[in-house]
Amino acid sequence: MNYWLIKSEPDAYSWEQFLKDKKTDWTGVRNYAARNNLRSMKKGDLALFYHSNEGLCIVGIAKVVKEHYQDPTTEETAWLSVDFAPYKTLKKPVYLADIKKDKALKDIQLVRLSRLSVSVVTPEEFDHILMLGGM
């Protein structure tokens with residue numbers, strides 16, 4: 001299993017809306033590195049759900065339920081989409097400020113590649129974030 005982090009601005013698509021929808025297609029990614037990460041995702045992989053711009057925190061875990069396919073929001077074949085379903089809500093949000101202070105997370109792509117909307121998370125980083133989130 002692989003681990004990921006996906007970002008969404010809460011006013012565009014929040015964790016709460018995701019829970020109501022029970023499933024979503026992750027569309028609109030227009031960065032090649034993020035697209036390559038979508039392409040690498042496998043059914044069953046887990047992704048941390050991060051509220052960007054507002055909140056700046058990891059609030060839950062999503063599960064890949066459908067592997068990559070052509071992004072339906074564009075005719076350009078270079079862009080992909082992946083389907084996610086909510087998996088678990090963290091007991092408490094894990095804020096970016098706390099992640100930046102934590103030595104165990106010093107290399108996490110969320111901090112090192114802050115503009116990347118879909119990033120890789122190591123198993124150790126994933127487990128540490130779950131611990132910080134009360135899981």
# chains A, B, ... in the order shown; residues from 1 in each chain; ligands from 1

call {"tool": "residues_around", "arguments": {"residues": "Ile58 of chain A", "least_positions_apart": "4", "cutoff": "7 Å", "atoms": "only C-alpha atoms", "output": "list in words"}}
result
Leu48, Phe49, Tyr50, His51, Pro93, Val94 and Tyr95 of chain A

call {"tool": "write_last_selection", "arguments": {"atoms": "N, CA and C atoms", "output": "compact mmCIF listing (two decimals), in the first residue's frame"}}
result
# COMPACT_ATOMS: atom_id res chain seq x y z
N LEU A 48 -4.06 11.31 2.89
CA LEU A 48 -4.42 12.31 3.89
C LEU A 48 -5.13 13.45 3.17
N PHE A 49 -6.22 13.92 3.74
CA PHE A 49 -7.02 15.00 3.14
C PHE A 49 -6.67 16.30 3.87
N TYR A 50 -6.10 17.23 3.13
CA TYR A 50 -5.56 18.48 3.69
C TYR A 50 -6.39 19.67 3.23
N HIS A 51 -6.84 20.47 4.18
CA HIS A 51 -7.52 21.73 3.87
C HIS A 51 -6.47 22.81 3.63
N PRO A 93 -7.66 17.78 14.09
CA PRO A 93 -6.89 18.20 12.92
C PRO A 93 -5.40 18.30 13.24
N VAL A 94 -4.58 18.05 12.23
CA VAL A 94 -3.14 18.19 12.35
C VAL A 94 -2.75 19.41 11.52
N TYR A 95 -2.35 20.47 12.22
CA TYR A 95 -2.11 21.76 11.57
C TYR A 95 -0.72 21.84 10.95

call {"tool": "closest_atom_pairs", "arguments": {"of": "segment 70-112 of chain A", "to": "segment 126-130 of chain A", "cutoff": "12 Å", "atoms": "only C-alpha atoms", "output": "Markdown table"}}
result
| residue | atom | partner | partner_atom | distance |
| --- | --- | --- | --- | --- |
| A:Lys88 | CA | A:Leu130 | CA | 10.4 |
| A:Thr89 | CA | A:Leu130 | CA | 10.2 |
| A:Leu90 | CA | A:Leu130 | CA | 7.3 |
| A:Lys91 | CA | A:Leu130 | CA | 9.1 |
| A:Lys92 | CA | A:Leu130 | CA | 9.5 |
| A:Pro93 | CA | A:Ile129 | CA | 9.6 |
| A:Val94 | CA | A:Ile129 | CA | 7.1 |
| A:Tyr95 | CA | A:Ile129 | CA | 9.9 |
| A:Leu96 | CA | A:Ile129 | CA | 10.9 |
| A:Asp98 | CA | A:Ile129 | CA | 10.2 |
| A:Ile99 | CA | A:Ile129 | CA | 8.3 |
| A:Lys100 | CA | A:Ile129 | CA | 11.9 |
| A:Asp102 | CA | A:His128 | CA | 9.8 |
| A:Lys103 | CA | A:His128 | CA | 10.8 |
| A:Ala104 | CA | A:His128 | CA | 7.6 |
| A:Leu105 | CA | A:His128 | CA | 8.0 |
| A:Lys106 | CA | A:His128 | CA | 11.8 |
| A:Ile108 | CA | A:Phe126 | CA | 9.6 |
| A:Gln109 | CA | A:Phe126 | CA | 11.7 |
| A:Leu110 | CA | A:Phe126 | CA | 11.8 |

call {"tool": "write_last_selection", "arguments": {"atoms": "C-alpha atoms", "output": "CSV table (one decimal), in the first residue's frame"}}
result
chain,number,residue,atom,x,y,z
A,88,LYS,CA,-11.7,8.0,8.5
A,89,THR,CA,-12.0,11.4,10.1
A,90,LEU,CA,-9.1,12.3,12.3
A,91,LYS,CA,-10.0,12.8,16.0
A,92,LYS,CA,-8.3,16.2,15.8
A,93,PRO,CA,-6.9,18.2,12.9
A,94,VAL,CA,-3.1,18.2,12.4
A,95,TYR,CA,-2.1,21.8,11.6
A,96,LEU,CA,0.6,22.8,9.2
A,98,ASP,CA,2.7,21.8,14.0
A,99,ILE,CA,3.9,19.6,11.1
A,100,LYS,CA,6.6,22.2,10.4
A,102,ASP,CA,7.9,18.3,14.2
A,103,LYS,CA,11.3,16.8,13.5
A,104,ALA,CA,9.8,13.5,12.4
A,105,LEU,CA,8.1,15.3,9.6
A,106,LYS,CA,11.0,17.5,8.4
A,108,ILE,CA,7.4,15.6,4.3
A,109,GLN,CA,6.5,16.8,0.8
A,110,LEU,CA,3.7,19.0,2.2

call {"tool": "select_by_dssp", "arguments": {"residues": "segment 4-128 of chain A", "states": "strand (DSSP E)", "output": "VMD selection string"}}
result
chain A and resid 4 to 8 24 to 26 46 to 51 57 to 70 80 to 95 118 to 121

call {"tool": "closest_residue", "arguments": {"among": "A:Lys101, A:Arg39, A:Lys63, A:Arg115", "to": "Ser8 of chain A", "atoms": "only C-alpha atoms"}}
result
A:Arg115

call {"tool": "residues_around", "arguments": {"residues": "Val120 of chain A", "least_positions_apart": "4", "cutoff": "8 Å", "atoms": "only C-alpha atoms", "output": "PyMOL selection string"}}
result
chain A and resi 3-5+37+109

call {"tool": "closest_residue", "arguments": {"among": "A:Ser14, A:Thr24, A:Ser119, A:Asn2", "to": "Ala85 of chain A", "atoms": "only C-alpha atoms"}}
result
A:Thr24

call {"tool": "residues_around", "arguments": {"residues": "Lys42 of chain A", "least_positions_apart": "2", "cutoff": "12 Å", "atoms": "only C-alpha atoms", "output": "compact mmCIF listing (two decimals) with N, CA and C atoms, in the first residue's frame"}}
result
# COMPACT_ATOMS: atom_id res chain seq x y z
N MET A 1 0.84 -1.18 0.00
CA MET A 1 0.00 0.00 0.00
C MET A 1 0.89 1.24 0.00
N ASN A 2 0.43 2.25 -0.72
CA ASN A 2 1.12 3.53 -0.75
C ASN A 2 0.27 4.59 -0.06
N TYR A 3 0.93 5.67 0.34
CA TYR A 3 0.26 6.75 1.05
C TYR A 3 0.50 8.07 0.33
N TRP A 4 -0.50 8.92 0.41
CA TRP A 4 -0.52 10.17 -0.35
C TRP A 4 -1.09 11.29 0.50
N ASN A 37 1.67 11.48 -9.64
CA ASN A 37 1.28 10.85 -8.38
C ASN A 37 -0.10 10.22 -8.50
N LEU A 38 -1.03 10.89 -9.16
CA LEU A 38 -2.36 10.30 -9.40
C LEU A 38 -2.21 9.01 -10.20
N ARG A 39 -1.36 9.02 -11.20
CA ARG A 39 -1.16 7.85 -12.05
C ARG A 39 -0.61 6.67 -11.24
N SER A 40 0.18 6.95 -10.21
CA SER A 40 0.80 5.90 -9.40
C SER A 40 -0.13 5.31 -8.34
N GLY A 44 -7.24 1.08 -3.03
CA GLY A 44 -6.94 0.71 -1.65
C GLY A 44 -5.90 1.60 -0.99
N ASP A 45 -5.12 2.35 -1.79
CA ASP A 45 -4.16 3.29 -1.20
C ASP A 45 -4.91 4.33 -0.36
N LEU A 46 -4.22 4.88 0.63
CA LEU A 46 -4.81 5.89 1.51
C LEU A 46 -4.16 7.25 1.29
N ALA A 47 -4.98 8.29 1.40
CA ALA A 47 -4.50 9.66 1.20
C ALA A 47 -4.98 10.55 2.34
N LYS A 63 -9.69 7.07 0.72
CA LYS A 63 -9.23 5.80 0.16
C LYS A 63 -9.45 5.83 -1.36
N VAL A 64 -8.45 5.37 -2.11
CA VAL A 64 -8.59 5.28 -3.56
C VAL A 64 -9.57 4.14 -3.88
N VAL A 65 -10.65 4.47 -4.59
CA VAL A 65 -11.65 3.46 -4.94
C VAL A 65 -11.68 3.18 -6.44
N LYS A 66 -11.05 4.07 -7.23
CA LYS A 66 -10.92 3.83 -8.68
C LYS A 66 -9.62 4.46 -9.14
N GLU A 67 -8.80 3.65 -9.80
CA GLU A 67 -7.51 4.12 -10.28
C GLU A 67 -7.68 5.10 -11.45
N HIS A 68 -6.58 5.72 -11.83
CA HIS A 68 -6.58 6.84 -12.78
C HIS A 68 -7.31 6.55 -14.09
N TYR A 69 -7.92 7.61 -14.60
CA TYR A 69 -8.62 7.62 -15.89
C TYR A 69 -8.59 9.05 -16.41
N VAL A 82 -8.73 10.49 -10.33
CA VAL A 82 -8.81 9.30 -9.48
C VAL A 82 -10.04 9.46 -8.61
N ASP A 83 -10.72 8.37 -8.30
CA ASP A 83 -11.88 8.44 -7.41
C ASP A 83 -11.49 8.06 -5.99
N PHE A 84 -12.00 8.85 -5.04
CA PHE A 84 -11.76 8.63 -3.62
C PHE A 84 -13.08 8.49 -2.87

call {"tool": "residues_around", "arguments": {"residues": "Tyr87 of chain A", "least_positions_apart": "5", "cutoff": "8 Å", "atoms": "only C-alpha atoms", "output": "tab-separated table (two decimals) with C-alpha atoms, in the first residue's frame"}}
result
chain	number	residue	atom	x	y	z
A	60	GLY	CA	-9.15	13.01	7.40
A	61	ILE	CA	-8.13	9.99	5.36
A	62	ALA	CA	-9.46	9.16	1.91
A	63	LYS	CA	-9.23	5.80	0.16

call {"tool": "closest_residue", "arguments": {"among": "A:Ala78, A:Ala12, A:Val118, A:Val59", "to": "Ala34 of chain A", "atoms": "only C-alpha atoms"}}
result
A:Val118

call {"tool": "closest_residue", "arguments": {"among": "A:Thr122, A:Leu56, A:Pro86, A:Thr74", "to": "Lys20 of chain A", "atoms": "only C-alpha atoms"}}
result
A:Pro86

call {"tool": "decode", "arguments": {"residues": "segment 13-126 of chain A", "atoms": "C-alpha atoms", "output": "PDB file, in the first residue's frame"}}
result
ATOM      1  CA  TYR A  13     -14.492  21.138  -1.582  1.00  0.00           C
ATOM      2  CA  SER A  14     -14.370  20.452   2.135  1.00  0.00           C
ATOM      3  CA  TRP A  15     -13.978  17.260   4.116  1.00  0.00           C
ATOM      4  CA  GLU A  16     -17.545  17.765   5.354  1.00  0.00           C
ATOM      5  CA  GLN A  17     -18.840  17.853   1.757  1.00  0.00           C
ATOM      6  CA  PHE A  18     -16.755  14.796   0.929  1.00  0.00           C
ATOM      7  CA  LEU A  19     -18.383  12.910   3.826  1.00  0.00           C
ATOM      8  CA  LYS A  20     -21.840  13.881   2.521  1.00  0.00           C
ATOM      9  CA  ASP A  21     -20.974  12.878  -1.047  1.00  0.00           C
ATOM     10  CA  LYS A  22     -19.463   9.524   0.086  1.00  0.00           C
ATOM     11  CA  LYS A  23     -17.281   9.489  -3.064  1.00  0.00           C
ATOM     12  CA  THR A  24     -15.667  12.003  -5.405  1.00  0.00           C
ATOM     13  CA  ASP A  25     -13.599  12.183  -8.544  1.00  0.00           C
ATOM     14  CA  TRP A  26     -10.380  14.142  -8.004  1.00  0.00           C
ATOM     15  CA  THR A  27     -10.355  16.358 -11.072  1.00  0.00           C
ATOM     16  CA  GLY A  28      -8.676  19.554 -12.161  1.00  0.00           C
ATOM     17  CA  VAL A  29      -5.065  18.624 -11.346  1.00  0.00           C
ATOM     18  CA  ARG A  30      -2.869  20.541 -13.809  1.00  0.00           C
ATOM     19  CA  ASN A  31       0.636  19.915 -12.524  1.00  0.00           C
ATOM     20  CA  TYR A  32       2.735  17.134 -14.052  1.00  0.00           C
ATOM     21  CA  ALA A  33       4.263  15.938 -10.763  1.00  0.00           C
ATOM     22  CA  ALA A  34       0.821  15.807  -9.108  1.00  0.00           C
ATOM     23  CA  ARG A  35      -0.578  14.058 -12.198  1.00  0.00           C
ATOM     24  CA  ASN A  36       2.201  11.467 -12.011  1.00  0.00           C
ATOM     25  CA  ASN A  37       1.276  10.847  -8.377  1.00  0.00           C
ATOM     26  CA  LEU A  38      -2.357  10.297  -9.402  1.00  0.00           C
ATOM     27  CA  ARG A  39      -1.158   7.853 -12.053  1.00  0.00           C
ATOM     28  CA  SER A  40       0.798   5.895  -9.399  1.00  0.00           C
ATOM     29  CA  MET A  41      -2.170   5.470  -7.055  1.00  0.00           C
ATOM     30  CA  LYS A  42      -3.641   2.011  -6.664  1.00  0.00           C
ATOM     31  CA  LYS A  43      -7.065   0.955  -5.456  1.00  0.00           C
ATOM     32  CA  GLY A  44      -6.940   0.715  -1.654  1.00  0.00           C
ATOM     33  CA  ASP A  45      -4.156   3.293  -1.205  1.00  0.00           C
ATOM     34  CA  LEU A  46      -4.814   5.885   1.508  1.00  0.00           C
ATOM     35  CA  ALA A  47      -4.498   9.657   1.201  1.00  0.00           C
ATOM     36  CA  LEU A  48      -4.419  12.314   3.886  1.00  0.00           C
ATOM     37  CA  PHE A  49      -7.021  15.005   3.142  1.00  0.00           C
ATOM     38  CA  TYR A  50      -5.563  18.476   3.688  1.00  0.00           C
ATOM     39  CA  HIS A  51      -7.524  21.735   3.872  1.00  0.00           C
ATOM     40  CA  SER A  52      -5.367  24.287   2.064  1.00  0.00           C
ATOM     41  CA  ASN A  53      -5.543  28.101   2.124  1.00  0.00           C
ATOM     42  CA  GLU A  54      -8.103  28.093   4.941  1.00  0.00           C
ATOM     43  CA  GLY A  55      -7.577  25.872   7.956  1.00  0.00           C
ATOM     44  CA  LEU A  56      -4.167  24.595   6.831  1.00  0.00           C
ATOM     45  CA  CYS A  57      -4.649  21.194   8.412  1.00  0.00           C
ATOM     46  CA  ILE A  58      -5.040  17.502   7.724  1.00  0.00           C
ATOM     47  CA  VAL A  59      -8.575  16.518   8.699  1.00  0.00           C
ATOM     48  CA  GLY A  60      -9.154  13.013   7.396  1.00  0.00           C
ATOM     49  CA  ILE A  61      -8.133   9.988   5.363  1.00  0.00           C
ATOM     50  CA  ALA A  62      -9.464   9.155   1.907  1.00  0.00           C
ATOM     51  CA  LYS A  63      -9.231   5.801   0.156  1.00  0.00           C
ATOM     52  CA  VAL A  64      -8.589   5.276  -3.564  1.00  0.00           C
ATOM     53  CA  VAL A  65     -11.649   3.459  -4.939  1.00  0.00           C
ATOM     54  CA  LYS A  66     -10.921   3.835  -8.679  1.00  0.00           C
ATOM     55  CA  GLU A  67      -7.513   4.125 -10.285  1.00  0.00           C
ATOM     56  CA  HIS A  68      -6.585   6.836 -12.777  1.00  0.00           C
ATOM     57  CA  TYR A  69      -8.618   7.615 -15.887  1.00  0.00           C
ATOM     58  CA  GLN A  70      -8.974  10.562 -18.256  1.00  0.00           C
ATOM     59  CA  ASP A  71      -9.975  13.713 -16.348  1.00  0.00           C
ATOM     60  CA  PRO A  72     -13.564  14.408 -17.504  1.00  0.00           C
ATOM     61  CA  THR A  73     -13.116  18.180 -17.006  1.00  0.00           C
ATOM     62  CA  THR A  74     -10.773  18.479 -20.000  1.00  0.00           C
ATOM     63  CA  GLU A  75     -10.284  16.978 -23.438  1.00  0.00           C
ATOM     64  CA  GLU A  76      -6.495  17.094 -23.001  1.00  0.00           C
ATOM     65  CA  THR A  77      -5.383  13.485 -22.593  1.00  0.00           C
ATOM     66  CA  ALA A  78      -2.411  14.469 -20.406  1.00  0.00           C
ATOM     67  CA  TRP A  79      -4.627  14.988 -17.346  1.00  0.00           C
ATOM     68  CA  LEU A  80      -5.988  12.286 -15.062  1.00  0.00           C
ATOM     69  CA  SER A  81      -8.546  11.795 -12.349  1.00  0.00           C
ATOM     70  CA  VAL A  82      -8.806   9.297  -9.484  1.00  0.00           C
ATOM     71  CA  ASP A  83     -11.884   8.439  -7.412  1.00  0.00           C
ATOM     72  CA  PHE A  84     -11.760   8.634  -3.618  1.00  0.00           C
ATOM     73  CA  ALA A  85     -14.117   7.706  -0.808  1.00  0.00           C
ATOM     74  CA  PRO A  86     -13.871   8.947   2.784  1.00  0.00           C
ATOM     75  CA  TYR A  87     -12.128   6.419   5.022  1.00  0.00           C
ATOM     76  CA  LYS A  88     -11.742   8.039   8.471  1.00  0.00           C
ATOM     77  CA  THR A  89     -11.986  11.450  10.079  1.00  0.00           C
ATOM     78  CA  LEU A  90      -9.055  12.349  12.307  1.00  0.00           C
ATOM     79  CA  LYS A  91     -10.023  12.827  15.954  1.00  0.00           C
ATOM     80  CA  LYS A  92      -8.280  16.200  15.830  1.00  0.00           C
ATOM     81  CA  PRO A  93      -6.890  18.200  12.919  1.00  0.00           C
ATOM     82  CA  VAL A  94      -3.136  18.191  12.353  1.00  0.00           C
ATOM     83  CA  TYR A  95      -2.107  21.762  11.572  1.00  0.00           C
ATOM     84  CA  LEU A  96       0.626  22.769   9.165  1.00  0.00           C
ATOM     85  CA  ALA A  97       2.305  24.869  11.867  1.00  0.00           C
ATOM     86  CA  ASP A  98       2.666  21.753  14.039  1.00  0.00           C
ATOM     87  CA  ILE A  99       3.880  19.646  11.104  1.00  0.00           C
ATOM     88  CA  LYS A 100       6.604  22.217  10.365  1.00  0.00           C
ATOM     89  CA  LYS A 101       7.817  22.073  13.997  1.00  0.00           C
ATOM     90  CA  ASP A 102       7.891  18.264  14.163  1.00  0.00           C
ATOM     91  CA  LYS A 103      11.346  16.773  13.497  1.00  0.00           C
ATOM     92  CA  ALA A 104       9.769  13.462  12.433  1.00  0.00           C
ATOM     93  CA  LEU A 105       8.065  15.299   9.561  1.00  0.00           C
ATOM     94  CA  LYS A 106      10.983  17.495   8.449  1.00  0.00           C
ATOM     95  CA  ASP A 107      11.123  15.859   4.999  1.00  0.00           C
ATOM     96  CA  ILE A 108       7.388  15.574   4.268  1.00  0.00           C
ATOM     97  CA  GLN A 109       6.544  16.798   0.772  1.00  0.00           C
ATOM     98  CA  LEU A 110       3.713  18.952   2.155  1.00  0.00           C
ATOM     99  CA  VAL A 111       6.424  21.242   3.546  1.00  0.00           C
ATOM    100  CA  ARG A 112       9.248  20.694   1.041  1.00  0.00           C
ATOM    101  CA  LEU A 113       7.029  20.925  -2.072  1.00  0.00           C
ATOM    102  CA  SER A 114       4.323  23.134  -0.638  1.00  0.00           C
ATOM    103  CA  ARG A 115       2.669  23.991  -3.967  1.00  0.00           C
ATOM    104  CA  LEU A 116       2.178  20.348  -4.977  1.00  0.00           C
ATOM    105  CA  SER A 117      -1.517  19.419  -4.700  1.00  0.00           C
ATOM    106  CA  VAL A 118      -1.028  15.638  -4.706  1.00  0.00           C
ATOM    107  CA  SER A 119       2.066  14.402  -2.907  1.00  0.00           C
ATOM    108  CA  VAL A 120       3.731  11.249  -1.640  1.00  0.00           C
ATOM    109  CA  VAL A 121       3.723  10.427   2.087  1.00  0.00           C
ATOM    110  CA  THR A 122       6.026   7.784   3.544  1.00  0.00           C
ATOM    111  CA  PRO A 123       4.534   5.082   5.796  1.00  0.00           C
ATOM    112  CA  GLU A 124       6.419   6.586   8.757  1.00  0.00           C
ATOM    113  CA  GLU A 125       5.061  10.085   8.037  1.00  0.00           C
ATOM    114  CA  PHE A 126       1.555   8.679   7.609  1.00  0.00           C
TER     115      PHE A 126
END
